[in-house]
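Working notes for the structure below.
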Amino acid sequence: PLTRIDHIGIACRDLDETVEFYRATYGFEVFHTETNEEQGVREAMLKINDTGDGGASYLQLLEPIREDSAIAKWMAKNGEGVHHIAFGTADVVTVTDDIVGKGIRSLYEQPRRGSMGSTINFLHPKDAHGVLVELVQAAEGGDGGE
Ligand code: CMX
Ligand code: CO
């Protein structure tokens with residue numbers, strides 16, 4: 001099952017400036033930063049709260065590092081803003097297979113690497129009422145739930 005909102009993905013032009021906005025405005029601090037070459041992003045995870053499944057909910061601020069990345073392409077059309085929502089699970093393969101079995105397209109055949117060593121897949125927004133949905137299994141021993 002899906003047991004938490006793992007994160008909300010927010011596209012931004014300047015990660016450092018946006019991180020500072022979230023700190024100064026809301027008091028949210030950076031929990032983790034990394035560059036994901038495959039996804040074409042530099043990102044910061046701001047932890048908001050722990051969740052009842054042993055995981056946590058984050059904001060994921062995303063700055064594109066390549067013009068051909070999904071985030072750059074989306075921002076060219078929409079500007080900065082909320083890009084996707086991620087639901088957390090202890091078993092991303094089973095959850096993805098279940099949802100694909102309901103006739104909704106996933107974007108990847110095999111899960112890929114997400115933030116903090118997690119494994120992720122996505123559901124096509126055109127099959128999900130206009131929302132790009134990410135499915136996340138946290139790394140073993142990571143901050144996510146079992
Ligand atoms: N939310 C809702 N709808 C979206 C969307 C989004 N984030 N991105 C695209 N769409 C819609 C578009 O508006 C478009 O709709 P129309 O045909 O009605 O105009 C349609 O989907 C196709 O969009 P597109 O601009 O032609 O873009 P692509 O099909 O090339 O790519 C997608 C869309 C979802 C397949 C691509 O963005 C993707 O592969 N995303 C997954 C990877 C990703 O987002 N990585 C960054 C985050 C990494 C992380 O979270 O760790
Ligand atoms: Co994400």
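Residue names in the structure tokens use chain letters A, B, ... in the order shown, residue numbers from 1 in each chain, and ligand numbers from 1 in the order shown.
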Given only C-alpha atoms, how would the per-residue table for segment 53-75 of chain A near segment 25-35 of chain A read, listing every residue at most 12 Å away with its closest atom pair and distance in Å to one decimal, sorted by chain and number, as a tab-separated table?
residue	atom	partner	partner_atom	distance
A:Ala56	CA	A:Phe31	CA	11.3
A:Ser57	CA	A:Phe31	CA	11.2
A:Tyr58	CA	A:Phe31	CA	8.8
A:Leu59	CA	A:Phe28	CA	9.1
A:Gln60	CA	A:Thr33	CA	9.5
A:Leu61	CA	A:Thr33	CA	9.4
A:Leu62	CA	A:Thr35	CA	9.5
A:Glu63	CA	A:Thr35	CA	9.4
A:Pro64	CA	A:Thr35	CA	9.7
A:Ile65	CA	A:Thr35	CA	8.6
A:Arg66	CA	A:Thr35	CA	11.6
Among chain A, which ones does DSSP assign to strand (DSSP E) (computed from the backbone)? Answer as a PyMOL selection string.
chain A and resi 2-11+30-36+41-50+56-64+81-89+112-113+119-123+133-137
Go ahead and save the residues from that selection, with C-alpha atoms, as a CSV table (one decimal), in the first residue's frame.
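Final output, saved to again-v5.csv:
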chain,number,residue,atom,x,y,z
A,2,LEU,CA,0.8,3.7,-0.2
A,3,THR,CA,1.2,5.0,3.3
A,4,ARG,CA,2.4,8.6,3.2
A,5,ILE,CA,2.9,11.7,1.2
A,6,ASP,CA,6.7,11.2,0.7
A,7,HIS,CA,7.3,14.6,-1.0
A,8,ILE,CA,5.9,17.4,-3.2
A,9,GLY,CA,8.2,18.2,-6.1
A,10,ILE,CA,8.6,21.9,-6.8
A,11,ALA,CA,10.4,23.2,-9.9
A,30,VAL,CA,17.6,21.6,4.2
A,31,PHE,CA,17.7,18.0,5.2
A,32,HIS,CA,19.7,16.7,2.2
A,33,THR,CA,21.0,17.9,-1.1
A,34,GLU,CA,22.2,16.0,-4.2
A,35,THR,CA,22.5,16.1,-7.9
A,36,ASN,CA,20.7,13.4,-9.9
A,41,VAL,CA,18.3,18.0,-11.5
A,42,ARG,CA,20.1,19.5,-8.5
A,43,GLU,CA,17.7,19.1,-5.6
A,44,ALA,CA,17.2,19.9,-1.9
A,45,MET,CA,15.0,17.9,0.4
A,46,LEU,CA,13.3,19.9,3.2
A,47,LYS,CA,11.9,17.6,5.9
A,48,ILE,CA,8.5,18.7,7.1
A,49,ASN,CA,7.4,15.9,9.4
A,50,ASP,CA,7.8,12.3,10.3
A,56,ALA,CA,8.8,11.3,6.5
A,57,SER,CA,7.3,13.9,4.3
A,58,TYR,CA,9.5,16.4,2.4
A,59,LEU,CA,9.4,19.2,0.0
A,60,GLN,CA,11.7,18.5,-2.9
A,61,LEU,CA,13.0,21.6,-4.6
A,62,LEU,CA,14.3,20.9,-8.1
A,63,GLU,CA,16.6,23.0,-10.3
A,64,PRO,CA,17.3,21.7,-13.8
A,81,GLY,CA,5.7,25.7,-9.3
A,82,VAL,CA,4.4,22.4,-8.1
A,83,HIS,CA,5.6,19.7,-10.6
A,84,HIS,CA,4.6,16.4,-9.0
A,85,ILE,CA,3.4,14.6,-5.8
A,86,ALA,CA,5.1,11.5,-4.5
A,87,PHE,CA,3.4,8.8,-2.4
A,88,GLY,CA,5.6,6.5,-0.2
A,89,THR,CA,5.4,2.7,0.0
A,112,ARG,CA,15.1,4.1,-11.0
A,113,ARG,CA,17.1,5.9,-8.4
A,119,THR,CA,13.8,3.7,-5.7
A,120,ILE,CA,11.1,5.4,-7.7
A,121,ASN,CA,8.7,5.2,-10.6
A,122,PHE,CA,6.2,7.6,-12.0
A,123,LEU,CA,2.6,7.4,-13.3
A,133,VAL,CA,2.6,11.0,-9.5
A,134,GLU,CA,5.9,9.5,-8.2
A,135,LEU,CA,6.0,6.3,-6.2
A,136,VAL,CA,8.8,6.1,-3.7
A,137,GLN,CA,10.4,3.3,-1.7
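Remark: for ligand 2, the closest of the candidate residues A:Gly79, A:Ile99, A:Thr51, A:Gln39 is A:Gln39 (distances computed over only C-alpha atoms and all ligand atoms).
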